[in-house]
file coords38.txt (compact mmCIF, C-alpha atoms)
# COMPACT_ATOMS: atom_id res chain seq x y z
CA MET A 3 101.43 63.13 87.22
CA GLU A 4 104.36 64.39 89.32
CA ASP A 5 105.02 68.13 89.24
CA THR A 6 108.50 68.70 87.82
CA GLN A 7 108.45 72.51 88.10
CA PRO A 8 111.59 73.50 90.06
CA ALA A 9 111.02 75.30 93.34
CA VAL A 10 113.91 77.59 92.39
CA ARG A 11 115.42 78.13 88.98
CA ALA A 12 118.37 80.50 88.57
CA SER A 13 120.41 81.24 85.47
CA GLY A 14 123.46 83.48 85.19
CA LEU A 15 122.82 85.28 88.49
CA THR A 16 125.31 88.05 89.21
CA LYS A 17 125.55 90.39 92.18
CA CYS A 18 128.25 92.91 92.99
CA PHE A 19 128.86 95.17 95.97
CA GLY A 20 131.15 97.83 94.63
CA ASP A 21 134.24 96.05 93.32
CA VAL A 22 133.37 92.84 95.13
CA VAL A 23 131.74 90.15 92.99
CA ALA A 24 129.46 88.20 95.35
CA LEU A 25 127.77 86.03 92.70
CA ASP A 26 129.30 85.34 89.31
CA GLY A 27 126.97 83.62 86.84
CA VAL A 28 125.25 81.32 89.33
CA GLY A 29 122.89 78.71 87.92
CA LEU A 30 120.68 76.57 90.12
CA GLU A 31 117.61 74.31 90.07
CA LEU A 32 116.00 73.05 93.26
CA VAL A 33 113.64 70.08 93.30
CA PRO A 34 110.43 70.69 95.30
CA GLY A 35 109.95 68.89 98.60
CA ARG A 36 113.62 68.32 99.33
CA ILE A 37 116.16 69.75 101.74
CA HIS A 38 118.91 71.42 99.73
CA GLY A 39 122.19 72.34 101.41
CA LEU A 40 124.31 75.36 100.56
CA ALA A 41 127.98 75.21 101.52
CA GLY A 42 131.12 77.19 100.86
CA PRO A 43 133.88 79.18 102.54
CA ASN A 44 133.26 82.57 104.11
CA GLY A 45 132.73 85.10 101.33
CA ALA A 46 131.64 82.45 98.84
CA GLY A 47 128.28 84.15 98.17
CA LYS A 48 125.97 81.95 100.25
CA THR A 49 124.33 84.76 102.23
CA THR A 50 123.92 86.85 99.08
CA LEU A 51 122.14 83.98 97.32
CA LEU A 52 119.85 83.39 100.30
CA GLY A 53 119.09 87.11 100.36
CA LEU A 54 117.98 86.98 96.71
CA LEU A 55 115.66 84.06 97.46
CA LEU A 56 114.11 85.97 100.38
CA GLY A 57 113.73 89.21 98.43
CA LEU A 58 116.20 91.05 100.67
CA ALA A 59 118.37 91.91 97.68
CA VAL A 60 118.02 91.99 93.90
CA ALA A 61 120.38 90.55 91.33
CA ASP A 62 122.38 92.77 89.01
CA GLY A 63 121.97 90.30 86.17
CA GLY A 64 120.60 86.90 85.25
CA GLU A 65 117.20 85.34 85.80
CA LEU A 66 115.57 83.99 88.94
CA GLU A 67 112.28 82.13 89.32
CA VAL A 68 110.93 81.19 92.74
CA LEU A 69 107.97 78.80 93.02
CA GLY A 70 107.33 79.18 89.31
CA ARG A 71 107.19 83.00 89.35
CA PRO A 72 109.87 85.35 87.98
CA VAL A 73 111.56 87.53 90.61
CA GLY A 74 111.68 91.16 89.53
CA ARG A 75 114.09 93.97 90.28
CA ALA A 76 112.25 95.30 93.33
CA LEU A 77 112.91 94.44 96.97
CA ALA A 78 109.98 92.23 97.89
CA ALA A 79 109.64 88.82 99.50
CA PRO A 80 108.38 86.29 96.94
CA ARG A 81 104.99 84.85 97.83
CA GLY A 82 105.23 81.55 99.67
CA VAL A 83 108.81 82.12 100.88
CA ALA A 84 109.96 82.54 104.49
CA GLY A 85 113.16 82.28 106.49
CA PHE A 86 116.09 84.34 107.73
CA VAL A 87 119.71 85.26 107.08
CA ASP A 88 122.25 86.52 109.62
CA GLY A 89 119.96 85.35 112.42
CA PRO A 90 116.25 85.97 112.95
CA GLY A 91 114.94 89.44 113.74
CA LEU A 92 113.26 89.26 117.16
CA TYR A 93 112.01 91.62 119.89
CA PRO A 94 114.17 90.96 122.98
CA THR A 95 111.75 92.55 125.47
CA LEU A 96 108.81 90.39 124.37
CA THR A 97 108.16 86.77 125.24
CA ALA A 98 108.51 84.05 122.63
CA ARG A 99 104.74 83.83 122.28
CA ARG A 100 104.29 87.61 121.95
CA ASN A 101 107.12 87.76 119.41
CA LEU A 102 105.22 85.38 117.18
CA SER A 103 101.96 87.30 117.66
CA ALA A 104 103.68 90.60 116.79
CA LEU A 105 105.41 89.18 113.72
CA ALA A 106 102.15 87.65 112.50
CA ALA A 107 100.39 91.00 112.93
CA LEU A 108 103.12 92.81 110.98
CA ARG A 109 102.60 90.38 108.12
CA GLY A 110 98.85 90.88 108.24
CA GLN A 111 98.28 87.30 109.34
CA ASP A 112 95.25 86.37 111.40
CA THR A 113 97.09 83.79 113.51
CA GLY A 114 95.36 82.23 116.48
CA SER A 115 96.99 81.13 119.71
CA ASP A 116 96.58 77.46 118.78
CA ARG A 117 98.77 77.90 115.71
CA ILE A 118 101.39 79.78 117.73
CA ASP A 119 101.44 77.00 120.31
CA GLU A 120 101.77 74.48 117.50
CA VAL A 121 104.89 76.04 115.96
CA LEU A 122 106.47 76.60 119.38
CA ALA A 123 106.00 72.90 120.09
CA GLU A 124 107.40 72.07 116.67
CA VAL A 125 110.75 73.66 117.58
CA GLY A 126 110.74 72.56 121.22
CA LEU A 127 110.08 75.92 122.90
CA THR A 128 106.79 75.21 124.66
CA ASP A 129 108.36 75.36 128.12
CA VAL A 130 109.77 78.87 127.51
CA ALA A 131 106.88 80.28 125.49
CA ASP A 132 106.21 82.99 128.10
CA ASP A 133 109.86 83.88 128.79
CA ARG A 134 111.37 87.08 127.44
CA VAL A 135 113.61 86.55 124.42
CA ARG A 136 116.42 88.70 125.86
CA GLY A 137 117.26 85.77 128.14
CA PHE A 138 117.38 83.23 125.31
CA SER A 139 120.56 81.54 124.18
CA LEU A 140 121.67 81.79 120.55
CA GLY A 141 120.25 78.35 119.84
CA MET A 142 116.88 79.22 121.36
CA ARG A 143 116.73 82.38 119.23
CA GLN A 144 117.47 80.30 116.15
CA ARG A 145 114.60 77.97 117.01
CA LEU A 146 112.24 80.87 117.61
CA GLY A 147 113.23 82.31 114.24
CA LEU A 148 112.33 78.99 112.65
CA ALA A 149 108.98 79.03 114.46
CA ALA A 150 108.32 82.54 113.10
CA ALA A 151 109.02 81.31 109.57
CA LEU A 152 106.75 78.29 110.04
CA LEU A 153 103.83 80.56 110.97
CA THR A 154 103.55 81.60 107.33
CA GLU A 155 103.23 77.95 106.18
CA PRO A 156 105.81 78.54 103.43
CA GLU A 157 106.32 76.54 100.27
CA LEU A 158 110.01 77.50 100.31
CA LEU A 159 111.90 77.85 103.59
CA VAL A 160 115.30 79.59 103.48
CA LEU A 161 117.56 79.31 106.52
CA ASP A 162 121.04 80.62 107.26
CA GLU A 163 122.99 78.42 109.72
CA PRO A 164 119.84 77.12 111.48
CA SER A 165 121.90 74.82 113.73
CA ASN A 166 124.10 77.66 114.97
CA GLY A 167 124.30 77.54 118.78
CA LEU A 168 122.00 74.53 119.14
CA ASP A 169 122.58 71.94 121.83
CA PRO A 170 121.91 68.28 120.90
CA ALA A 171 118.26 68.45 122.03
CA GLY A 172 117.65 71.67 120.11
CA LYS A 173 119.30 70.26 116.99
CA LEU A 174 117.06 67.19 117.22
CA HIS A 175 113.93 69.39 117.32
CA VAL A 176 115.10 71.47 114.34
CA HIS A 177 116.14 68.48 112.24
CA ARG A 178 112.84 66.71 112.91
CA ALA A 179 110.90 69.84 111.98
CA LEU A 180 112.82 70.28 108.72
CA ARG A 181 112.35 66.64 107.74
CA ARG A 182 108.61 66.84 108.44
CA LEU A 183 108.38 69.96 106.28
CA ALA A 184 110.18 68.29 103.38
CA ASP A 185 107.98 65.21 103.73
CA SER A 186 104.93 67.48 103.44
CA GLY A 187 106.23 68.98 100.17
CA VAL A 188 107.99 72.11 101.45
CA THR A 189 111.33 72.91 99.81
CA VAL A 190 114.03 73.79 102.34
CA VAL A 191 117.26 75.62 101.53
CA LEU A 192 119.76 75.82 104.34
CA SER A 193 123.25 77.23 104.50
CA SER A 194 125.68 75.58 106.90
CA HIS A 195 129.37 75.21 107.59
CA ARG A 196 128.65 71.91 109.33
CA MET A 197 129.15 69.01 106.96
CA ASP A 198 127.53 66.61 109.44
CA ASP A 199 124.29 68.63 109.34
CA LEU A 200 124.29 68.65 105.54
CA GLU A 201 124.95 64.92 105.37
CA SER A 202 122.23 64.21 107.92
CA LEU A 203 119.54 66.39 106.37
CA CYS A 204 120.13 67.07 102.71
CA ALA A 205 119.26 65.14 99.59
CA GLU A 206 121.14 67.64 97.45
CA VAL A 207 123.86 70.21 97.98
CA THR A 208 125.33 73.22 96.19
CA ILE A 209 128.90 74.25 96.86
CA LEU A 210 129.91 77.85 96.17
CA ALA A 211 133.41 79.31 96.05
CA THR A 212 134.25 82.93 95.15
CA GLY A 213 130.72 83.47 93.89
CA ARG A 214 130.63 80.52 91.52
CA VAL A 215 128.92 77.13 91.69
CA ARG A 216 131.50 74.38 92.01
CA PHE A 217 128.95 71.59 92.35
CA SER A 218 125.18 71.26 92.53
CA GLY A 219 123.38 67.94 92.69
CA PRO A 220 122.66 64.84 94.76
CA LEU A 221 124.79 64.32 97.83
CA GLY A 222 125.68 60.77 96.78
CA GLU A 223 127.02 62.01 93.45
CA LEU A 224 129.32 64.46 95.20
CA ALA A 225 130.58 61.86 97.66
CA ALA A 226 131.16 59.38 94.84
CA GLY A 227 133.32 61.95 93.09
CA ALA A 228 135.79 61.98 95.95
CA ARG A 229 138.85 59.95 95.08
CA GLU A 230 141.16 58.74 97.81
CA LEU A 231 140.14 59.20 101.42
CA ASP A 232 141.86 58.46 104.70
CA HIS A 233 140.14 55.60 106.51
CA ARG A 234 140.58 54.57 110.13
CA LEU A 235 140.78 50.80 110.56
CA LEU A 236 140.22 48.95 113.84
CA THR A 237 140.98 45.24 113.81
CA SER A 238 141.66 42.29 116.07
CA ASP A 239 145.30 42.16 114.93
CA PRO A 240 146.84 45.58 114.12
CA PRO A 241 150.28 44.25 113.01
CA ALA A 242 148.65 41.81 110.60
CA ALA A 243 146.31 44.55 109.35
CA ARG A 244 149.30 46.77 108.62
CA ARG A 245 150.99 43.97 106.70
CA VAL A 246 147.88 43.21 104.62
CA ALA A 247 147.28 46.92 103.95
CA GLY A 248 150.84 47.32 102.71
CA ALA A 249 150.36 44.45 100.29
CA THR A 250 146.98 45.62 98.92
CA ALA A 251 147.03 47.48 95.61
CA GLY A 252 145.80 51.06 95.83
CA VAL A 253 146.16 51.23 99.62
CA ARG A 254 148.77 53.34 101.37
CA VAL A 255 149.42 53.28 105.10
CA VAL A 256 149.59 56.88 106.34
CA ASP A 257 149.57 56.22 110.07
CA GLY A 258 150.91 52.94 111.34
CA ALA A 259 149.41 53.03 114.82
CA GLY A 260 147.44 55.36 117.01
CA ALA A 261 145.05 55.30 119.93
CA TRP A 262 141.36 55.34 119.09
CA ARG A 263 138.82 54.49 121.77
CA GLY A 264 141.52 52.64 123.66
CA THR A 265 142.36 50.46 120.64
CA GLU A 266 145.35 50.55 118.31
CA ALA A 267 144.20 51.98 114.99
CA LEU A 268 145.57 51.98 111.47
CA VAL A 269 144.98 54.86 109.04
CA VAL A 270 145.13 54.07 105.33
CA ARG A 271 144.57 56.19 102.24
CA ALA A 272 142.60 54.60 99.43
CA ALA A 273 139.63 54.92 97.11
CA GLY A 274 136.43 52.99 97.85
CA PRO A 275 137.15 49.86 95.74
CA ALA A 276 140.63 49.49 97.27
CA VAL A 277 139.17 49.73 100.79
CA GLU A 278 136.74 46.93 99.92
CA GLN A 279 139.62 44.84 98.62
CA LEU A 280 141.56 45.50 101.83
CA VAL A 281 138.65 44.39 104.02
CA ALA A 282 138.24 41.23 101.95
CA GLY A 283 141.96 40.51 102.33
CA LEU A 284 141.80 40.97 106.10
CA VAL A 285 138.87 38.57 106.39
CA GLN A 286 140.72 36.03 104.27
CA GLU A 287 143.71 36.31 106.65
CA GLY A 288 141.44 35.70 109.64
CA VAL A 289 141.70 39.29 110.92
CA ARG A 290 138.42 40.56 112.39
CA VAL A 291 137.47 44.04 111.19
CA ARG A 292 135.82 45.95 114.03
CA GLU A 293 135.46 49.28 112.29
CA VAL A 294 136.37 50.95 109.02
CA ALA A 295 135.36 54.58 108.61
CA PRO A 296 136.54 57.72 106.80
CA VAL A 297 138.62 60.02 108.98
CA VAL A 298 136.98 62.89 107.09
CA SER A 299 133.52 62.34 105.59
CA PRO A 300 133.28 61.96 101.79
CA LEU A 301 131.24 65.18 101.65
CA GLU A 302 133.83 67.15 103.58
CA ALA A 303 136.65 65.73 101.47
CA ALA A 304 134.86 66.67 98.25
CA TYR A 305 134.03 70.10 99.65
CA LEU A 306 137.66 70.78 100.53
CA ALA A 307 138.87 69.58 97.14
CA LEU A 308 136.38 71.70 95.20
CA THR A 309 136.89 74.90 97.16
CA GLU A 310 140.68 74.55 97.18
CA GLN A 311 140.65 74.09 93.40
CA GLN A 312 138.61 77.28 93.02
CA GLU A 313 140.96 79.26 95.27
CA ASP A 314 143.97 77.99 93.32
CA GLY A 315 142.31 79.11 90.08
CA ARG A 316 142.12 75.65 88.57
call {"tool": "encode", "arguments": {"input": "coords38.txt", "output": "structure tokens"}}
result
Amino acid sequence: MEDTQPAVRASGLTKCFGDVVALDGVGLELVPGRIHGLAGPNGAGKTTLLGLLLGLAVADGGELEVLGRPVGRALAAPRGVAGFVDGPGLYPTLTARRNLSALAALRGQDTGSDRIDEVLAEVGLTDVADDRVRGFSLGMRQRLGLAAALLTEPELLVLDEPSNGLDPAGKLHVHRALRRLADSGVTVVLSSHRMDDLESLCAEVTILATGRVRFSGPLGELAAGARELDHRLLTSDPPAARRVAGATAGVRVVDGAGAWRGTEALVVRAAGPAVEQLVAGLVQEGVRVREVAPVVSPLEAAYLALTEQQEDGR
């Protein structure tokens, strides 16, 4: 029988720093073995929530369970949880390999060199394992921080902007590692400002604004909630496409022509069903559709709508 116990269950979480309300009645349930994204504007409460999950801070009110165990009012990392916020804590004068050995020793772990080599390979740092960390780029430090978290073999991995500073190769290593972890049953919570990372990695997402949850659930449900989106349309006959778009119910031309990859493009604003009707109309008119794609992703559009509503007090 499948285990339905949430990896994280929060109810009515509040946290204040003086007069600043960082979290205001936050409720959350995370399904085990999935990658859950956390998004929101600066100051939304993301880092505070991650800190509570890692035991770096305690809530002022509400209830929090992590991996089936209640989190108390003392600063202590919950068992089975690893990760970092505001960047990983590393020793710049030590090599990558010695950093991992030192961190394992501080945790009381009896970690052999084979395991250290394994996690370094997992994040793509084998070639620089014996280089001093002070010469590492931001992205390399992020990957080493992930390797340090993996040493503990966590059940819940909590990461703050793990793709920050990563080049394409580094991002590929990190994304592969996170997907493998989720496939093995590890729950991953990651905060990111990059909607493309969240769309690529996450099954579910929570959006925070001014300390409150604006949405929490499957990514597809959030994207489906977006109404009209701007779509870029590339066709074999731009003038005919503009004429058909203007005659299609629910479609509004917002940009008659523009250069896109050396081809004249049309930008229209419409909801999903109207876009489908437009494409069908173009095909019926003998116009070949080369590309139709949102100018802004459905996730980003929904994110902007939700956070702007919160800021406007609606």
call {"tool": "closest_residue", "arguments": {"input": "coords38.txt", "among": "A:Val87, A:Leu236, A:Leu30, A:Leu146", "to": "Ser13 of chain A", "atoms": "only C-alpha atoms"}}
result
A:Leu30
call {"tool": "residues_around", "arguments": {"input": "coords38.txt", "residues": "Leu159 of chain A", "least_positions_apart": "5", "cutoff": "7 Å", "atoms": "only C-alpha atoms", "output": "count of residues only"}}
result
6
call {"tool": "closest_residue", "arguments": {"input": "coords38.txt", "among": "A:Ala107, A:Leu180, A:Ala272, A:Leu192", "to": "Thr154 of chain A", "atoms": "only C-alpha atoms"}}
result
A:Ala107
call {"tool": "atom_distance", "arguments": {"input": "coords38.txt", "atom1": "atom CA of Pro241 of chain A", "atom2": "atom CA of Val256 of chain A"}}
result
14.3 Å
call {"tool": "residues_near_point", "arguments": {"input": "coords38.txt", "point": "(99.3, 80.1, 119.5)", "cutoff": "10 Å", "atoms": "all atoms listed in the file", "output": "count of residues only"}}
result
17
call {"tool": "closest_residue", "arguments": {"input": "coords38.txt", "among": "A:Gly167, A:Pro80, A:Gly126, A:Pro94", "to": "Ala179 of chain A", "atoms": "only C-alpha atoms"}}
result
A:Gly126
call {"tool": "closest_residue", "arguments": {"input": "coords38.txt", "among": "A:Thr250, A:Gln279, A:Thr97, A:Gln111", "to": "Leu127 of chain A", "atoms": "all atoms listed in the file"}}
result
A:Thr97
call {"tool": "atom_distance", "arguments": {"input": "coords38.txt", "atom1": "atom CA of Arg81 of chain A", "atom2": "atom CA of Leu183 of chain A"}}
result
17.5 Å
call {"tool": "atom_distance", "arguments": {"input": "coords38.txt", "atom1": "atom CA of Val176 of chain A", "atom2": "atom CA of Gln144 of chain A"}}
result
9.3 Å
call {"tool": "closest_residue", "arguments": {"input": "coords38.txt", "among": "A:Ala211, A:Ala78, A:Val130, A:Leu284", "to": "Ala46 of chain A", "atoms": "all atoms listed in the file"}}
result
A:Ala211
call {"tool": "axis_aligned_box", "arguments": {"input": "coords38.txt", "around": "segment 193-204 of chain A", "padding_each_side": "8 Å", "output": "AutoDock Vina command-line options"}}
result
--center_x 124.5 --center_y 70.7 --center_z 106.1 --size_x 25.8 --size_y 29.0 --size_z 22.7
call {"tool": "closest_residue", "arguments": {"input": "coords38.txt", "among": "A:Ala251, A:Met142, A:Leu224, A:Leu66", "to": "Ile209 of chain A", "atoms": "all atoms listed in the file"}}
result
A:Leu224
call {"tool": "residues_around", "arguments": {"input": "coords38.txt", "residues": "Glu310 of chain A", "least_positions_apart": "6", "cutoff": "12 Å", "atoms": "only C-alpha atoms", "output": "ChimeraX atom specification"}}
result
/A:42-43,209-212,216,302-304,316
call {"tool": "decode", "arguments": {"input": "coords38.txt", "residues": "segment 127-138 of chain A", "atoms": "N, CA and C atoms", "output": "compact mmCIF listing (two decimals), in the first residue's frame"}}
result
# COMPACT_ATOMS: atom_id res chain seq x y z
N LEU A 127 31.79 17.50 -10.14
CA LEU A 127 32.98 18.20 -9.63
C LEU A 127 34.19 17.29 -9.48
N THR A 128 34.18 16.15 -10.13
CA THR A 128 35.30 15.21 -9.99
C THR A 128 36.62 15.83 -10.42
N ASP A 129 36.59 16.58 -11.50
CA ASP A 129 37.83 17.14 -12.05
C ASP A 129 38.45 18.22 -11.15
N VAL A 130 37.66 18.80 -10.24
CA VAL A 130 38.20 19.86 -9.36
C VAL A 130 38.14 19.43 -7.89
N ALA A 131 38.06 18.13 -7.67
CA ALA A 131 37.92 17.63 -6.30
C ALA A 131 39.07 18.06 -5.40
N ASP A 132 40.27 18.23 -5.95
CA ASP A 132 41.43 18.58 -5.14
C ASP A 132 41.87 20.03 -5.32
N ASP A 133 40.95 20.86 -5.84
CA ASP A 133 41.20 22.30 -5.94
C ASP A 133 40.62 23.00 -4.73
N ARG A 134 41.25 24.09 -4.32
CA ARG A 134 40.77 24.87 -3.18
C ARG A 134 39.48 25.61 -3.56
N VAL A 135 38.55 25.65 -2.62
CA VAL A 135 37.23 26.21 -2.88
C VAL A 135 37.29 27.72 -3.10
N ARG A 136 38.32 28.38 -2.58
CA ARG A 136 38.39 29.84 -2.75
C ARG A 136 38.49 30.24 -4.22
N GLY A 137 38.90 29.33 -5.07
CA GLY A 137 38.97 29.62 -6.50
C GLY A 137 37.73 29.20 -7.26
N PHE A 138 36.72 28.70 -6.58
CA PHE A 138 35.51 28.22 -7.24
C PHE A 138 34.60 29.38 -7.62
